[in-house]
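Written below as structure tokens is the structure these notes are about.
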Amino acid sequence: MSDRKGRRIAEGIGFTEGPVIRQRGDYVVTSCNTGRLYRISGDDVTVFAETGGGPNGAAEGADGRIYVAQNGRGVPPYASRLRDITGGVQVVEPDGGTVSWVTQDPVSPNDLCFGPDGLLYVTDPTRPMNRHNGRLWSVDVESGETEILAQLDWYPNGIGFGLDPDMLLVVDSSNRRLVRFPLTNGRLGTPDPFITFANASGDGFDFDLDGNVIMSLPGGGTIETWSMEGKQLDVTEVGHDGHGFTNIAVNEDCVLIGCDARAGAVEQFDWFSPGLPLYPFRTERN
């Protein structure tokens, strides 16, 4: 068990989620209950965009635009402006401000990531969480075309691709598991729940350069590192309250950004391993 104290770089910005470490070096986070995205650059924290509803997960596209999993509802207290909007995937222009829809087909998206094929992969749980079901979607961000890849009897949360481009990882929050799906020609194979978390359900996650999973467990107040063989490699007590850490992002310079949703804050950590570049930037760098 290790204990790393983060440095608080933003506070008072609501139920924070979806951290993005942008290619230009600054950070963008979502705020589920204020209906906003915030930009953090050094000590400067500003409103990046007004999405309304409940912006949840986020990812940067090759053109610098930010794609947002809009759950449409937020978390209590709900967004005070533009609150009653539908769920779907939104896109924010690189310099902020302008928000438009990619698709409104998903019901209440939670998180998203780009895949090696250039498509956006989206988790879409049915809310409230005690419904314990949901969907996985693929979205073509250019055409707006969507496809349901799987109907699930559990609540899908965080999502991502590690070193294996043919394996999609999804958090099963209903059963405290991390599940991997083989992906062949755009079709998902039989799910394999290869990690079970003992003390809390996982939420958002990232990868280190070796392909290990770095998982935020908000109920347990920890960030845990796991191998793809299902072995726990590290458990980090994140300090402060810690039990509100919903999502994390790690870059190649060993900087980890954690969203402390309960505190309405964002923290920065000096991490012990560099992060794996995400798609679409991993493809471009290789």
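Residues in the structure tokens are named by chain (A, B, ... in the order shown) and by number from 1 within that chain; ligands are numbered from 1 in the order shown.
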Exercise. Please identify all polymer residues within 12 Å of Val89 of chain A, counting only C-alpha atoms, omitting same-chain residues fewer than 4 positions from it, and present them as a PyMOL selection string.
Key: chain A and resi 51+53-59+66-72+85+99-113+120-124+137-141+144-146
Self-check item: Residues flagged strand (DSSP E or B) by DSSP in segment 42-260 of chain A, as JSON, numbers by chain
Solution: {"A": [44, 45, 46, 47, 48, 49, 50, 55, 56, 57, 58, 59, 60, 66, 67, 68, 69, 70, 88, 89, 90, 91, 92, 99, 100, 101, 102, 103, 111, 112, 113, 114, 120, 121, 122, 123, 124, 125, 134, 135, 136, 137, 138, 139, 146, 147, 148, 149, 150, 151, 152, 156, 157, 158, 159, 160, 161, 167, 168, 169, 170, 171, 172, 177, 178, 179, 180, 181, 182, 183, 184, 187, 188, 192, 193, 194, 195, 196, 205, 206, 207, 208, 213, 214, 215, 216, 217, 222, 223, 224, 225, 226, 232, 233, 234, 235, 236, 237, 245, 246, 247, 248, 249, 250, 255, 256, 257, 258, 259, 260]}
Quiz prompt | Selected residue, from A:Glu267, A:Glu252, A:Glu147, A:Glu237, that lies nearest to Asp208 of chain A when counting only C-alpha atoms | solution = A:Glu252
Exercise. With a distance cut-off of 12 Å and only C-alpha atoms, select the neighbouring residues of segment 191-196 of chain A, excluding the residue or stretch itself and same-chain residues fewer than 3 positions from it, and output the selection as a PyMOL selection string.
Key: chain A and resi 150-152+167-183+187-188+199-202+213+215+217+224-232
Writer output for current selection, N, CA and C atoms, as an mmCIF file, in the first residue's frame:
```cif
data_model
loop_
_atom_site.group_PDB
_atom_site.id
_atom_site.type_symbol
_atom_site.label_atom_id
_atom_site.label_comp_id
_atom_site.auth_asym_id
_atom_site.auth_seq_id
_atom_site.Cartn_x
_atom_site.Cartn_y
_atom_site.Cartn_z
ATOM 1 N N ALA A 150 -23.684 -4.236 -27.921
ATOM 2 C CA ALA A 150 -24.060 -5.219 -26.900
ATOM 3 C C ALA A 150 -25.172 -4.658 -26.030
ATOM 4 N N GLN A 151 -26.111 -5.539 -25.648
ATOM 5 C CA GLN A 151 -27.101 -5.268 -24.617
ATOM 6 C C GLN A 151 -26.645 -6.023 -23.371
ATOM 7 N N LEU A 152 -26.626 -5.352 -22.231
ATOM 8 C CA LEU A 152 -26.025 -5.925 -21.031
ATOM 9 C C LEU A 152 -27.048 -6.018 -19.907
ATOM 10 N N MET A 167 -9.079 -5.772 -28.077
ATOM 11 C CA MET A 167 -9.686 -6.081 -26.784
ATOM 12 C C MET A 167 -10.228 -4.795 -26.159
ATOM 13 N N LEU A 168 -11.548 -4.743 -25.958
ATOM 14 C CA LEU A 168 -12.211 -3.600 -25.350
ATOM 15 C C LEU A 168 -12.481 -3.910 -23.885
ATOM 16 N N LEU A 169 -12.060 -2.998 -22.997
ATOM 17 C CA LEU A 169 -12.258 -3.175 -21.563
ATOM 18 C C LEU A 169 -13.379 -2.269 -21.081
ATOM 19 N N VAL A 170 -14.259 -2.828 -20.237
ATOM 20 C CA VAL A 170 -15.414 -2.091 -19.718
ATOM 21 C C VAL A 170 -15.584 -2.420 -18.236
ATOM 22 N N VAL A 171 -15.822 -1.406 -17.417
ATOM 23 C CA VAL A 171 -16.111 -1.614 -16.001
ATOM 24 C C VAL A 171 -17.564 -2.047 -15.834
ATOM 25 N N ASP A 172 -17.764 -3.130 -15.086
ATOM 26 C CA ASP A 172 -19.086 -3.614 -14.696
ATOM 27 C C ASP A 172 -19.322 -3.150 -13.259
ATOM 28 N N SER A 173 -19.994 -2.001 -13.112
ATOM 29 C CA SER A 173 -20.193 -1.443 -11.777
ATOM 30 C C SER A 173 -21.187 -2.241 -10.948
ATOM 31 N N SER A 174 -22.074 -2.984 -11.591
ATOM 32 C CA SER A 174 -23.052 -3.783 -10.855
ATOM 33 C C SER A 174 -22.379 -4.880 -10.049
ATOM 34 N N ASN A 175 -21.305 -5.446 -10.594
ATOM 35 C CA ASN A 175 -20.676 -6.621 -9.989
ATOM 36 C C ASN A 175 -19.218 -6.398 -9.586
ATOM 37 N N ARG A 176 -18.770 -5.110 -9.577
ATOM 38 C CA ARG A 176 -17.417 -4.761 -9.133
ATOM 39 C C ARG A 176 -16.349 -5.489 -9.941
ATOM 40 N N ARG A 177 -16.503 -5.464 -11.261
ATOM 41 C CA ARG A 177 -15.581 -6.217 -12.113
ATOM 42 C C ARG A 177 -15.071 -5.356 -13.261
ATOM 43 N N LEU A 178 -13.955 -5.782 -13.816
ATOM 44 C CA LEU A 178 -13.481 -5.258 -15.090
ATOM 45 C C LEU A 178 -13.613 -6.381 -16.104
ATOM 46 N N VAL A 179 -14.302 -6.089 -17.196
ATOM 47 C CA VAL A 179 -14.639 -7.090 -18.203
ATOM 48 C C VAL A 179 -13.918 -6.741 -19.505
ATOM 49 N N ARG A 180 -13.390 -7.753 -20.197
ATOM 50 C CA ARG A 180 -12.797 -7.509 -21.510
ATOM 51 C C ARG A 180 -13.592 -8.261 -22.580
ATOM 52 N N PHE A 181 -13.786 -7.563 -23.697
ATOM 53 C CA PHE A 181 -14.512 -8.102 -24.836
ATOM 54 C C PHE A 181 -13.561 -8.230 -26.019
ATOM 55 N N PRO A 182 -13.396 -9.416 -26.595
ATOM 56 C CA PRO A 182 -12.680 -9.488 -27.873
ATOM 57 C C PRO A 182 -13.431 -8.698 -28.935
ATOM 58 N N LEU A 183 -12.692 -7.986 -29.772
ATOM 59 C CA LEU A 183 -13.308 -7.167 -30.821
ATOM 60 C C LEU A 183 -12.754 -7.608 -32.162
ATOM 61 N N ARG A 187 -17.242 -6.459 -34.194
ATOM 62 C CA ARG A 187 -18.176 -7.256 -33.417
ATOM 63 C C ARG A 187 -17.527 -7.693 -32.112
ATOM 64 N N LEU A 188 -18.291 -7.627 -31.019
ATOM 65 C CA LEU A 188 -17.786 -8.024 -29.716
ATOM 66 C C LEU A 188 -17.999 -9.510 -29.487
ATOM 67 N N ASN A 199 -13.117 -4.263 -2.593
ATOM 68 C CA ASN A 199 -13.667 -3.298 -1.651
ATOM 69 C C ASN A 199 -14.598 -2.256 -2.258
ATOM 70 N N ALA A 200 -14.580 -2.123 -3.565
ATOM 71 C CA ALA A 200 -15.384 -1.080 -4.197
ATOM 72 C C ALA A 200 -15.498 -1.377 -5.683
ATOM 73 N N SER A 201 -16.444 -0.721 -6.321
ATOM 74 C CA SER A 201 -16.581 -0.861 -7.765
ATOM 75 C C SER A 201 -15.668 0.121 -8.474
ATOM 76 N N GLY A 202 -15.077 -0.309 -9.588
ATOM 77 C CA GLY A 202 -14.254 0.586 -10.382
ATOM 78 C C GLY A 202 -15.099 1.633 -11.084
ATOM 79 N N VAL A 213 -3.575 -1.788 -16.105
ATOM 80 C CA VAL A 213 -4.751 -0.956 -15.892
ATOM 81 C C VAL A 213 -4.584 -0.136 -14.619
ATOM 82 N N MET A 215 -6.768 1.962 -12.203
ATOM 83 C CA MET A 215 -8.211 2.045 -11.972
ATOM 84 C C MET A 215 -8.538 2.923 -10.778
ATOM 85 N N LEU A 217 -11.084 3.688 -7.851
ATOM 86 C CA LEU A 217 -12.142 3.021 -7.094
ATOM 87 C C LEU A 217 -12.698 4.015 -6.078
ATOM 88 N N GLU A 224 -5.842 1.765 -8.034
ATOM 89 C CA GLU A 224 -5.186 0.465 -8.056
ATOM 90 C C GLU A 224 -4.631 0.166 -9.448
ATOM 91 N N THR A 225 -3.475 -0.467 -9.481
ATOM 92 C CA THR A 225 -2.863 -0.886 -10.741
ATOM 93 C C THR A 225 -2.926 -2.405 -10.838
ATOM 94 N N TRP A 226 -3.420 -2.891 -11.984
ATOM 95 C CA TRP A 226 -3.605 -4.323 -12.213
ATOM 96 C C TRP A 226 -2.978 -4.715 -13.543
ATOM 97 N N SER A 227 -2.418 -5.915 -13.569
ATOM 98 C CA SER A 227 -1.899 -6.445 -14.830
ATOM 99 C C SER A 227 -3.040 -7.029 -15.643
ATOM 100 N N MET A 228 -2.775 -7.265 -16.928
ATOM 101 C CA MET A 228 -3.775 -7.890 -17.783
ATOM 102 C C MET A 228 -3.945 -9.370 -17.480
ATOM 103 N N GLU A 229 -3.114 -9.881 -16.600
ATOM 104 C CA GLU A 229 -3.287 -11.262 -16.112
ATOM 105 C C GLU A 229 -4.158 -11.292 -14.863
ATOM 106 N N GLY A 230 -4.633 -10.139 -14.445
ATOM 107 C CA GLY A 230 -5.521 -10.080 -13.292
ATOM 108 C C GLY A 230 -4.805 -10.012 -11.962
ATOM 109 N N LYS A 231 -3.520 -9.619 -11.950
ATOM 110 C CA LYS A 231 -2.751 -9.522 -10.714
ATOM 111 C C LYS A 231 -2.700 -8.072 -10.250
ATOM 112 N N GLN A 232 -2.992 -7.862 -8.977
ATOM 113 C CA GLN A 232 -2.902 -6.523 -8.403
ATOM 114 C C GLN A 232 -1.438 -6.156 -8.175
#
```
Quiz prompt | Contacts of segment 29-33 of chain A within 10 Å, only C-alpha atoms, excl. fewer than 5 positions in-chain, as a PyMOL selection string | solution = chain A and resi 13-21+38-40+47-59+68-80+83+247+257-259+261+264-266
How would the residues just picked look written out with N, CA and C atoms as a compact mmCIF listing (two decimals), in the first residue's frame?
```txt
# COMPACT_ATOMS: atom_id res chain seq x y z
N ILE A 13 -15.80 23.29 -8.38
CA ILE A 13 -16.30 23.23 -9.76
C ILE A 13 -17.30 22.09 -9.97
N GLY A 14 -17.85 21.57 -8.87
CA GLY A 14 -18.92 20.58 -9.01
C GLY A 14 -18.43 19.14 -9.04
N PHE A 15 -19.36 18.25 -9.43
CA PHE A 15 -19.11 16.81 -9.45
C PHE A 15 -18.23 16.49 -10.66
N THR A 16 -16.93 16.48 -10.44
CA THR A 16 -15.97 16.38 -11.54
C THR A 16 -15.83 14.96 -12.07
N GLU A 17 -15.67 14.87 -13.38
CA GLU A 17 -15.53 13.59 -14.09
C GLU A 17 -14.69 13.82 -15.35
N GLY A 18 -14.53 12.73 -16.13
CA GLY A 18 -14.01 12.79 -17.49
C GLY A 18 -12.74 13.59 -17.71
N PRO A 19 -11.64 13.37 -16.95
CA PRO A 19 -10.45 14.21 -17.16
C PRO A 19 -9.78 13.91 -18.50
N VAL A 20 -9.38 14.96 -19.18
CA VAL A 20 -8.64 14.85 -20.44
C VAL A 20 -7.35 15.66 -20.32
N ILE A 21 -6.21 15.00 -20.52
CA ILE A 21 -4.94 15.71 -20.62
C ILE A 21 -4.72 15.96 -22.11
N TYR A 38 -14.69 22.39 -17.66
CA TYR A 38 -13.72 23.37 -17.16
C TYR A 38 -12.35 23.09 -17.76
N ARG A 39 -11.62 24.16 -18.02
CA ARG A 39 -10.24 24.07 -18.50
C ARG A 39 -9.30 24.49 -17.37
N ILE A 40 -8.24 23.69 -17.16
CA ILE A 40 -7.25 23.98 -16.13
C ILE A 40 -5.90 24.13 -16.82
N VAL A 47 -14.24 28.32 -17.31
CA VAL A 47 -15.29 27.55 -17.98
C VAL A 47 -14.91 27.37 -19.44
N PHE A 48 -14.84 26.13 -19.87
CA PHE A 48 -14.45 25.80 -21.24
C PHE A 48 -15.66 25.74 -22.16
N ALA A 49 -16.77 25.19 -21.63
CA ALA A 49 -17.99 25.07 -22.43
C ALA A 49 -19.18 24.84 -21.52
N GLU A 50 -20.35 25.28 -21.99
CA GLU A 50 -21.63 25.04 -21.31
C GLU A 50 -22.39 23.99 -22.13
N THR A 51 -22.46 22.77 -21.59
CA THR A 51 -23.14 21.69 -22.31
C THR A 51 -24.56 21.49 -21.82
N GLY A 52 -24.88 21.98 -20.61
CA GLY A 52 -26.14 21.65 -19.98
C GLY A 52 -26.16 20.20 -19.54
N GLY A 53 -27.27 19.78 -18.95
CA GLY A 53 -27.45 18.38 -18.57
C GLY A 53 -26.37 17.87 -17.65
N GLY A 54 -25.86 16.69 -17.96
CA GLY A 54 -24.84 16.06 -17.13
C GLY A 54 -23.68 15.54 -17.96
N PRO A 55 -22.71 16.40 -18.32
CA PRO A 55 -21.53 15.92 -19.04
C PRO A 55 -20.74 14.97 -18.17
N ASN A 56 -20.44 13.79 -18.68
CA ASN A 56 -19.84 12.72 -17.88
C ASN A 56 -18.42 12.43 -18.38
N GLY A 57 -18.22 11.34 -19.12
CA GLY A 57 -16.90 11.06 -19.67
C GLY A 57 -16.56 11.99 -20.82
N ALA A 58 -15.25 12.08 -21.13
CA ALA A 58 -14.81 12.93 -22.23
C ALA A 58 -13.55 12.34 -22.86
N ALA A 59 -13.33 12.67 -24.12
CA ALA A 59 -12.15 12.20 -24.85
C ALA A 59 -11.78 13.22 -25.91
N VAL A 68 -17.99 14.38 -25.63
CA VAL A 68 -18.55 14.31 -24.29
C VAL A 68 -19.68 13.30 -24.24
N ALA A 69 -19.63 12.41 -23.25
CA ALA A 69 -20.75 11.52 -22.96
C ALA A 69 -21.75 12.31 -22.12
N GLN A 70 -22.83 12.74 -22.75
CA GLN A 70 -23.83 13.57 -22.10
C GLN A 70 -24.93 12.67 -21.55
N ASN A 71 -24.99 12.54 -20.21
CA ASN A 71 -26.00 11.64 -19.64
C ASN A 71 -27.38 12.28 -19.56
N GLY A 72 -27.45 13.61 -19.78
CA GLY A 72 -28.74 14.28 -19.85
C GLY A 72 -29.35 14.63 -18.51
N ARG A 73 -28.75 14.13 -17.42
CA ARG A 73 -29.40 14.29 -16.12
C ARG A 73 -28.49 14.92 -15.08
N GLY A 74 -27.20 14.72 -15.19
CA GLY A 74 -26.31 15.20 -14.16
C GLY A 74 -26.44 14.36 -12.90
N VAL A 75 -25.98 14.90 -11.79
CA VAL A 75 -26.16 14.29 -10.48
C VAL A 75 -26.74 15.37 -9.57
N PRO A 76 -27.47 15.02 -8.53
CA PRO A 76 -28.04 16.05 -7.65
C PRO A 76 -26.94 16.91 -7.03
N PRO A 77 -27.09 18.24 -6.93
CA PRO A 77 -28.21 18.97 -7.55
C PRO A 77 -28.02 19.09 -9.05
N TYR A 78 -29.07 18.89 -9.81
CA TYR A 78 -28.95 18.89 -11.26
C TYR A 78 -28.55 20.26 -11.79
N ALA A 79 -28.07 20.28 -13.01
CA ALA A 79 -27.62 21.53 -13.62
C ALA A 79 -28.75 22.56 -13.61
N SER A 80 -28.39 23.80 -13.30
CA SER A 80 -29.40 24.85 -13.18
C SER A 80 -29.79 25.44 -14.52
N ARG A 83 -31.01 22.13 -18.20
CA ARG A 83 -30.92 20.91 -17.41
C ARG A 83 -31.66 19.74 -18.04
N ASN A 247 -12.53 9.35 -11.55
CA ASN A 247 -11.88 9.08 -12.83
C ASN A 247 -10.48 9.67 -12.82
N ILE A 257 -3.92 12.93 -13.28
CA ILE A 257 -4.98 13.87 -12.92
C ILE A 257 -6.15 13.05 -12.37
N GLY A 258 -6.59 13.40 -11.15
CA GLY A 258 -7.70 12.69 -10.53
C GLY A 258 -8.86 13.63 -10.24
N CYS A 259 -10.07 13.18 -10.57
CA CYS A 259 -11.27 13.98 -10.31
C CYS A 259 -11.87 13.57 -8.96
N ALA A 261 -14.73 14.03 -7.09
CA ALA A 261 -16.08 14.54 -7.34
C ALA A 261 -16.76 15.01 -6.07
N GLY A 264 -15.65 18.36 -5.29
CA GLY A 264 -15.75 19.33 -6.38
C GLY A 264 -14.40 19.82 -6.82
N ALA A 265 -13.42 18.90 -6.87
CA ALA A 265 -12.04 19.30 -7.06
C ALA A 265 -11.33 18.40 -8.07
N VAL A 266 -10.14 18.84 -8.45
CA VAL A 266 -9.23 18.07 -9.30
C VAL A 266 -7.87 18.09 -8.64
```
Quiz item: Using only C-alpha atoms, which of the listed residues (A:Gly211, A:Val250, A:Gly244, A:Gly118) sits closest to Gly186 of chain A?
Solution: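 Closest residue, counting only C-alpha atoms: A:Gly118.
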Exercise. Using only C-alpha atoms, pick whichever of A:Gly12, A:Tyr279, A:Val45, A:Ala263 has the shortest atom-to-atom distance to Tyr27 of chain A.
Key: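 The closest residue to Tyr27 of chain A is A:Val45.
Nearest residue to Arg65 of chain A among A:Phe272, A:Arg282, A:Gly88, A:Val28 is A:Val28, counting only C-alpha atoms.
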Quiz item: Between atom CA of Gly160 of chain A and atom CA of Pro274 of chain A, what is the distance, to one decimal in Å?
Solution: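 Calculated distance between atom CA of Gly160 of chain A and atom CA of Pro274 of chain A is 16.7 Å.
Separating atom CA of Pro125 of chain A from atom CA of Thr246 of chain A is a distance of 16.0 Å.
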Practice problem: Considering only C-alpha atoms, return as a PyMOL selection string whatever protein or nucleic-acid residues lie within 7 Å of Phe207 of chain A, sequence-local ones (same chain, fewer than 4 positions apart) excluded. | Solution: chain A and resi 162+211-214+275-276
Exercise. Identify which of the residues A:Pro165, A:Gly42, A:Gly189, A:Gly64 lies closest to Arg22 of chain A, counting only C-alpha atoms when measuring atom-to-atom distances.
Key: A:Gly64
Quiz prompt | Length of the atom CA of Asn251 of chain A to atom CA of Asp270 of chain A vector [Å] | solution = 10.5 Å
